[in-house]
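Participant: Contents of query_22.pdb (PDB, C-alpha atoms) are given next:
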ATOM      1  CA  MET A   1     107.917  40.650 129.042
ATOM      2  CA  THR A   2     105.409  41.216 126.267
ATOM      3  CA  ASP A   3     106.354  40.569 122.668
ATOM      4  CA  ALA A   4     105.928  44.263 121.779
ATOM      5  CA  ILE A   5     108.402  45.373 124.446
ATOM      6  CA  PHE A   6     110.795  42.578 123.515
ATOM      7  CA  VAL A   7     110.747  43.615 119.841
ATOM      8  CA  ARG A   8     111.176  47.310 120.744
ATOM      9  CA  GLN A   9     114.222  46.572 122.915
ATOM     10  CA  ASN A  10     115.804  44.552 120.117
ATOM     11  CA  GLU A  11     115.171  47.376 117.659
ATOM     12  CA  LEU A  12     116.702  50.005 119.959
ATOM     13  CA  LEU A  13     119.709  47.884 120.812
ATOM     14  CA  ASN A  14     120.175  46.251 117.409
ATOM     15  CA  LEU A  15     120.480  42.894 119.187
ATOM     16  CA  PRO A  16     119.441  39.371 118.308
ATOM     17  CA  ASP A  17     116.636  37.976 120.472
ATOM     18  CA  SER A  18     119.072  36.075 122.666
ATOM     19  CA  LEU A  19     120.771  39.305 123.787
ATOM     20  CA  SER A  20     117.755  41.538 124.236
ATOM     21  CA  SER A  21     118.260  42.546 127.871
ATOM     22  CA  PRO A  22     119.750  46.057 128.099
ATOM     23  CA  MET A  23     121.242  45.050 131.445
ATOM     24  CA  TYR A  24     123.539  42.564 129.731
ATOM     25  CA  SER A  25     124.204  44.249 126.388
ATOM     26  CA  ARG A  26     127.465  45.859 125.438
ATOM     27  CA  ILE A  27     127.388  49.638 125.108
ATOM     28  CA  SER A  28     128.598  49.451 121.486
ATOM     29  CA  GLU A  29     125.498  47.408 120.588
ATOM     30  CA  ILE A  30     123.210  50.282 121.554
ATOM     31  CA  LYS A  31     122.056  52.598 118.769
ATOM     32  CA  ASN A  32     124.286  55.722 118.453
ATOM     33  CA  LEU A  33     127.162  54.343 120.535
ATOM     34  CA  GLY A  34     130.264  52.702 119.131
ATOM     35  CA  PRO A  35     133.458  51.010 120.315
ATOM     36  CA  LYS A  36     135.293  54.212 121.287
ATOM     37  CA  THR A  37     132.366  55.401 123.371
ATOM     38  CA  GLU A  38     132.077  51.957 124.919
ATOM     39  CA  SER A  39     135.751  52.080 125.906
ATOM     40  CA  TRP A  40     135.382  55.508 127.531
ATOM     41  CA  LEU A  41     132.205  54.511 129.346
ATOM     42  CA  ASN A  42     133.701  51.260 130.599
ATOM     43  CA  GLU A  43     136.620  53.266 132.017
ATOM     44  CA  ILE A  44     134.181  55.288 134.144
ATOM     45  CA  GLY A  45     132.195  52.223 135.233
ATOM     46  CA  VAL A  46     129.317  52.360 132.749
ATOM     47  CA  TYR A  47     128.684  48.952 131.181
ATOM     48  CA  SER A  48     124.998  48.680 130.348
ATOM     49  CA  PHE A  49     121.878  50.420 129.153
ATOM     50  CA  SER A  50     120.625  50.471 132.727
ATOM     51  CA  ASP A  51     123.824  52.325 133.745
ATOM     52  CA  LEU A  52     123.052  54.903 131.048
ATOM     53  CA  GLU A  53     119.508  55.302 132.367
ATOM     54  CA  ARG A  54     120.647  55.524 135.982
ATOM     55  CA  LEU A  55     123.239  58.249 135.372
ATOM     56  CA  GLY A  56     121.793  60.153 132.429
ATOM     57  CA  SER A  57     123.568  61.774 129.507
ATOM     58  CA  VAL A  58     124.822  64.925 131.242
ATOM     59  CA  GLU A  59     126.320  63.117 134.248
ATOM     60  CA  ILE A  60     127.999  60.567 131.992
ATOM     61  CA  TYR A  61     129.432  63.381 129.883
ATOM     62  CA  ARG A  62     130.806  65.027 133.050
ATOM     63  CA  LEU A  63     132.392  61.765 134.210
ATOM     64  CA  VAL A  64     133.953  61.119 130.786
ATOM     65  CA  LYS A  65     135.395  64.656 130.606
ATOM     66  CA  ASN A  66     136.691  64.427 134.185
ATOM     67  CA  ALA A  67     138.397  61.152 133.296
ATOM     68  CA  GLY A  68     140.387  63.067 130.671
ATOM     69  CA  PHE A  69     138.736  61.802 127.491
ATOM     70  CA  PRO A  70     138.245  64.290 124.621
ATOM     71  CA  ALA A  71     134.440  64.057 124.612
ATOM     72  CA  SER A  72     132.495  66.479 122.471
ATOM     73  CA  LEU A  73     128.922  67.703 122.417
ATOM     74  CA  ASN A  74     128.123  64.805 120.087
ATOM     75  CA  LEU A  75     128.712  62.365 122.968
ATOM     76  CA  VAL A  76     125.962  63.863 125.112
ATOM     77  CA  TYR A  77     123.669  63.949 122.057
ATOM     78  CA  ALA A  78     124.424  60.298 121.256
ATOM     79  CA  ILE A  79     123.764  59.137 124.812
ATOM     80  CA  GLU A  80     120.548  61.131 125.113
ATOM     81  CA  ALA A  81     119.366  59.794 121.762
ATOM     82  CA  ALA A  82     120.232  56.235 122.805
ATOM     83  CA  LEU A  83     118.122  56.702 125.913
ATOM     84  CA  THR A  84     115.178  58.009 123.906
ATOM     85  CA  GLY A  85     115.517  55.487 121.067
ATOM     86  CA  VAL A  86     116.248  57.830 118.177
ATOM     87  CA  HIS A  87     119.274  58.572 116.015
ATOM     88  CA  TRP A  88     121.239  61.439 117.541
ATOM     89  CA  THR A  89     120.604  63.646 114.498
ATOM     90  CA  ARG A  90     116.860  63.373 115.210
ATOM     91  CA  LEU A  91     117.003  64.997 118.623
ATOM     92  CA  SER A  92     114.897  68.141 118.580
ATOM     93  CA  LYS A  93     116.534  71.556 118.435
ATOM     94  CA  ASP A  94     115.136  72.244 121.897
ATOM     95  CA  ALA A  95     116.627  69.036 123.308
ATOM     96  CA  LYS A  96     120.004  69.828 121.752
ATOM     97  CA  ALA A  97     119.910  73.388 123.103
ATOM     98  CA  GLU A  98     119.014  72.130 126.593
ATOM     99  CA  LEU A  99     121.856  69.583 126.536
ATOM    100  CA  LYS A 100     124.301  72.198 125.286
ATOM    101  CA  ARG A 101     123.336  74.509 128.151
ATOM    102  CA  ALA A 102     123.592  71.678 130.676
ATOM    103  CA  ILE A 103     127.185  70.846 129.752
ATOM    104  CA  GLN A 104     128.344  74.403 129.109
ATOM    105  CA  ASN A 105     130.389  74.672 132.303
ATOM    106  CA  ILE A 106     131.705  71.108 132.423
TER     107      ILE A 106
END
As structure tokens, how would this structure be written, given the file I've shared?

Facilitator:
Amino acid sequence: MTDAIFVRQNELLNLPDSLSSPMYSRISEIKNLGPKTESWLNEIGVYSFSDLERLGSVEIYRLVKNAGFPASLNLVYAIEAALTGVHWTRLSKDAKAELKRAIQNI
């Protein structure tokens, strides 16, 4: 892994160098996601950044809602932002509108 990628992962995940692998990080250590989200995601079998990437924000939102958790639109924004490496409030209006449409019937 190059130093640039290593530094970028640490920045996105807010992790010390020794915990830089998204595969082994806790969900709550990823930018935009906290302990409550981590608890919900763990309940549906999502434990790592690679799980987030594999499933995507909309599918994770669907699984969380189907599990009975009171997820809001902010959850799908937070997950999408985590995947793209920005704060959820910095998602574009177009991205937010697309996500809102995607979860409309969930």

Participant: Please list as a ChimeraX atom specification every residue within 9 Å of Glu43 in chain A, counting all atoms listed in the file and excluding residues in the same chain fewer than 4 positions away.

Facilitator: /A:38-39,64,67

Participant: Would you give me, as a tab-separated table, each residue of range 34-59 of chain A having an atom within 10 Å of an atom of range 79-86 of chain A, along with its shortest atom pair and that distance in Å to one decimal, using all atoms listed in the file and sorting by chain and residue number?

Facilitator:
residue	atom	partner	partner_atom	distance
A:Thr37	CA	A:Ile79	CA	9.5
A:Phe49	CA	A:Leu83	CA	8.0
A:Ser50	CA	A:Leu83	CA	9.6
A:Leu52	CA	A:Leu83	CA	7.3
A:Glu53	CA	A:Leu83	CA	6.7
A:Gly56	CA	A:Glu80	CA	7.5
A:Ser57	CA	A:Glu80	CA	5.4
A:Val58	CA	A:Glu80	CA	8.4

Participant: CA of Leu75 in chain A and CA of Lys31 in chain A, how far apart in Å?

Facilitator: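 CA of Leu75 in chain A lies 12.5 Å from CA of Lys31 in chain A.
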
Participant: Any chance you could work out the residue set of the PyMOL selection byres ((chain A and resi 99) around 10) here, as an MDAnalysis selection string?

Facilitator: chainID A and resid 57:58 73 76:77 80 93:98 100:104

Participant: Give the answer as one residue: which of A:Ser92, A:Asn105, A:Asn66, A:Ser28 has the shortest atom-to-atom distance to Ser48 in chain A, using all atoms listed in the file?

Facilitator: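 Using all atoms listed in the file, the shortest distance to Ser48 in chain A belongs to A:Ser28.
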
Participant: To one decimal in Å, tell me the separation between CA of Asn42 in chain A and CA of Thr89 in chain A.

Facilitator: 24.2 Å

Participant: Provide the CA of Glu59 in chain A to CA of Glu29 in chain A distance in Å, to one decimal place.

Facilitator: 20.8 Å

Participant: Which is closer to Ile106 in chain A than all the others in A:Tyr61, A:Trp88, A:Phe69, A:Tyr47, using only C-alpha atoms?

Facilitator: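 Answer, going by the shortest atom-to-atom distance: A:Tyr61.
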
Participant: I need the residue nearest Trp40 in chain A from this list: A:Leu63, A:Ala78, A:Leu55, A:Arg26. Use only C-alpha atoms for the distance.

Facilitator: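 Using only C-alpha atoms, the shortest distance to Trp40 in chain A belongs to A:Leu63.
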
Participant: From the list A:Ile30, A:Arg90, A:Lys36, A:Leu41, which residue is nearest Arg62 in chain A when using only C-alpha atoms?

Facilitator: A:Leu41

Participant: Counting all atoms listed in the file, which of A:Leu91, A:Val46, A:Leu33, A:Asn74 gets nearest to Ile60 in chain A?

Facilitator: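 With all atoms listed in the file as the atom set, the closest residue is A:Val46.
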
Participant: Reconstruct N, CA and C atoms of range 57-86 of chain A from the incomplete input and present them as an mmCIF file, in the coordinates of the input.

Facilitator:
data_model
loop_
_atom_site.group_PDB
_atom_site.id
_atom_site.type_symbol
_atom_site.label_atom_id
_atom_site.label_comp_id
_atom_site.auth_asym_id
_atom_site.auth_seq_id
_atom_site.Cartn_x
_atom_site.Cartn_y
_atom_site.Cartn_z
ATOM 1 N N SER A 57 122.579 61.332 130.491
ATOM 2 C CA SER A 57 123.568 61.774 129.507
ATOM 3 C C SER A 57 124.504 62.859 130.026
ATOM 4 N N VAL A 58 123.988 63.808 130.774
ATOM 5 C CA VAL A 58 124.822 64.925 131.242
ATOM 6 C C VAL A 58 125.838 64.452 132.283
ATOM 7 N N GLU A 59 125.398 63.632 133.223
ATOM 8 C CA GLU A 59 126.320 63.117 134.248
ATOM 9 C C GLU A 59 127.390 62.227 133.625
ATOM 10 N N ILE A 60 127.006 61.417 132.670
ATOM 11 C CA ILE A 60 127.999 60.567 131.992
ATOM 12 C C ILE A 60 129.000 61.432 131.252
ATOM 13 N N TYR A 61 128.526 62.456 130.579
ATOM 14 C CA TYR A 61 129.432 63.381 129.883
ATOM 15 C C TYR A 61 130.431 63.990 130.881
ATOM 16 N N ARG A 62 129.929 64.433 132.034
ATOM 17 C CA ARG A 62 130.806 65.027 133.050
ATOM 18 C C ARG A 62 131.864 64.026 133.510
ATOM 19 N N LEU A 63 131.455 62.794 133.768
ATOM 20 C CA LEU A 63 132.392 61.765 134.210
ATOM 21 C C LEU A 63 133.443 61.454 133.144
ATOM 22 N N VAL A 64 133.024 61.389 131.893
ATOM 23 C CA VAL A 64 133.953 61.119 130.786
ATOM 24 C C VAL A 64 134.966 62.261 130.658
ATOM 25 N N LYS A 65 134.488 63.497 130.696
ATOM 26 C CA LYS A 65 135.395 64.656 130.606
ATOM 27 C C LYS A 65 136.358 64.673 131.797
ATOM 28 N N ASN A 66 135.838 64.422 132.990
ATOM 29 C CA ASN A 66 136.691 64.427 134.185
ATOM 30 C C ASN A 66 137.726 63.312 134.170
ATOM 31 N N ALA A 67 137.439 62.252 133.428
ATOM 32 C CA ALA A 67 138.397 61.152 133.296
ATOM 33 C C ALA A 67 139.483 61.482 132.271
ATOM 34 N N GLY A 68 139.349 62.624 131.602
ATOM 35 C CA GLY A 68 140.387 63.067 130.671
ATOM 36 C C GLY A 68 140.169 62.702 129.216
ATOM 37 N N PHE A 69 139.011 62.163 128.884
ATOM 38 C CA PHE A 69 138.736 61.802 127.491
ATOM 39 C C PHE A 69 138.253 63.024 126.721
ATOM 40 N N PRO A 70 138.597 63.112 125.430
ATOM 41 C CA PRO A 70 138.245 64.290 124.621
ATOM 42 C C PRO A 70 136.802 64.237 124.096
ATOM 43 N N ALA A 71 135.849 64.143 125.000
ATOM 44 C CA ALA A 71 134.440 64.057 124.612
ATOM 45 C C ALA A 71 133.961 65.388 124.050
ATOM 46 N N SER A 72 133.076 65.285 123.079
ATOM 47 C CA SER A 72 132.495 66.479 122.471
ATOM 48 C C SER A 72 130.994 66.514 122.740
ATOM 49 N N LEU A 73 130.362 67.553 122.291
ATOM 50 C CA LEU A 73 128.922 67.703 122.417
ATOM 51 C C LEU A 73 128.193 66.519 121.791
ATOM 52 N N ASN A 74 128.759 65.955 120.740
ATOM 53 C CA ASN A 74 128.123 64.805 120.087
ATOM 54 C C ASN A 74 127.967 63.615 121.036
ATOM 55 N N LEU A 75 128.848 63.470 122.016
ATOM 56 C CA LEU A 75 128.712 62.365 122.968
ATOM 57 C C LEU A 75 127.432 62.502 123.774
ATOM 58 N N VAL A 76 127.172 63.676 124.309
ATOM 59 C CA VAL A 76 125.962 63.863 125.112
ATOM 60 C C VAL A 76 124.718 63.705 124.235
ATOM 61 N N TYR A 77 124.785 64.153 122.986
ATOM 62 C CA TYR A 77 123.669 63.949 122.057
ATOM 63 C C TYR A 77 123.456 62.460 121.805
ATOM 64 N N ALA A 78 124.528 61.729 121.562
ATOM 65 C CA ALA A 78 124.424 60.298 121.256
ATOM 66 C C ALA A 78 123.843 59.520 122.433
ATOM 67 N N ILE A 79 124.281 59.839 123.636
ATOM 68 C CA ILE A 79 123.764 59.137 124.812
ATOM 69 C C ILE A 79 122.293 59.469 125.032
ATOM 70 N N GLU A 80 121.944 60.736 124.936
ATOM 71 C CA GLU A 80 120.548 61.131 125.113
ATOM 72 C C GLU A 80 119.663 60.467 124.063
ATOM 73 N N ALA A 81 120.134 60.434 122.835
ATOM 74 C CA ALA A 81 119.366 59.794 121.762
ATOM 75 C C ALA A 81 119.231 58.292 122.009
ATOM 76 N N ALA A 82 120.298 57.664 122.489
ATOM 77 C CA ALA A 82 120.232 56.235 122.805
ATOM 78 C C ALA A 82 119.169 55.984 123.867
ATOM 79 N N LEU A 83 119.098 56.859 124.839
ATOM 80 C CA LEU A 83 118.122 56.702 125.913
ATOM 81 C C LEU A 83 116.685 56.921 125.445
ATOM 82 N N THR A 84 116.527 57.730 124.407
ATOM 83 C CA THR A 84 115.178 58.009 123.906
ATOM 84 C C THR A 84 114.828 57.175 122.679
ATOM 85 N N GLY A 85 115.797 56.405 122.170
ATOM 86 C CA GLY A 85 115.517 55.487 121.067
ATOM 87 C C GLY A 85 115.479 56.093 119.689
ATOM 88 N N VAL A 86 116.190 57.210 119.504
ATOM 89 C CA VAL A 86 116.248 57.830 118.177
ATOM 90 C C VAL A 86 117.709 57.988 117.756
#
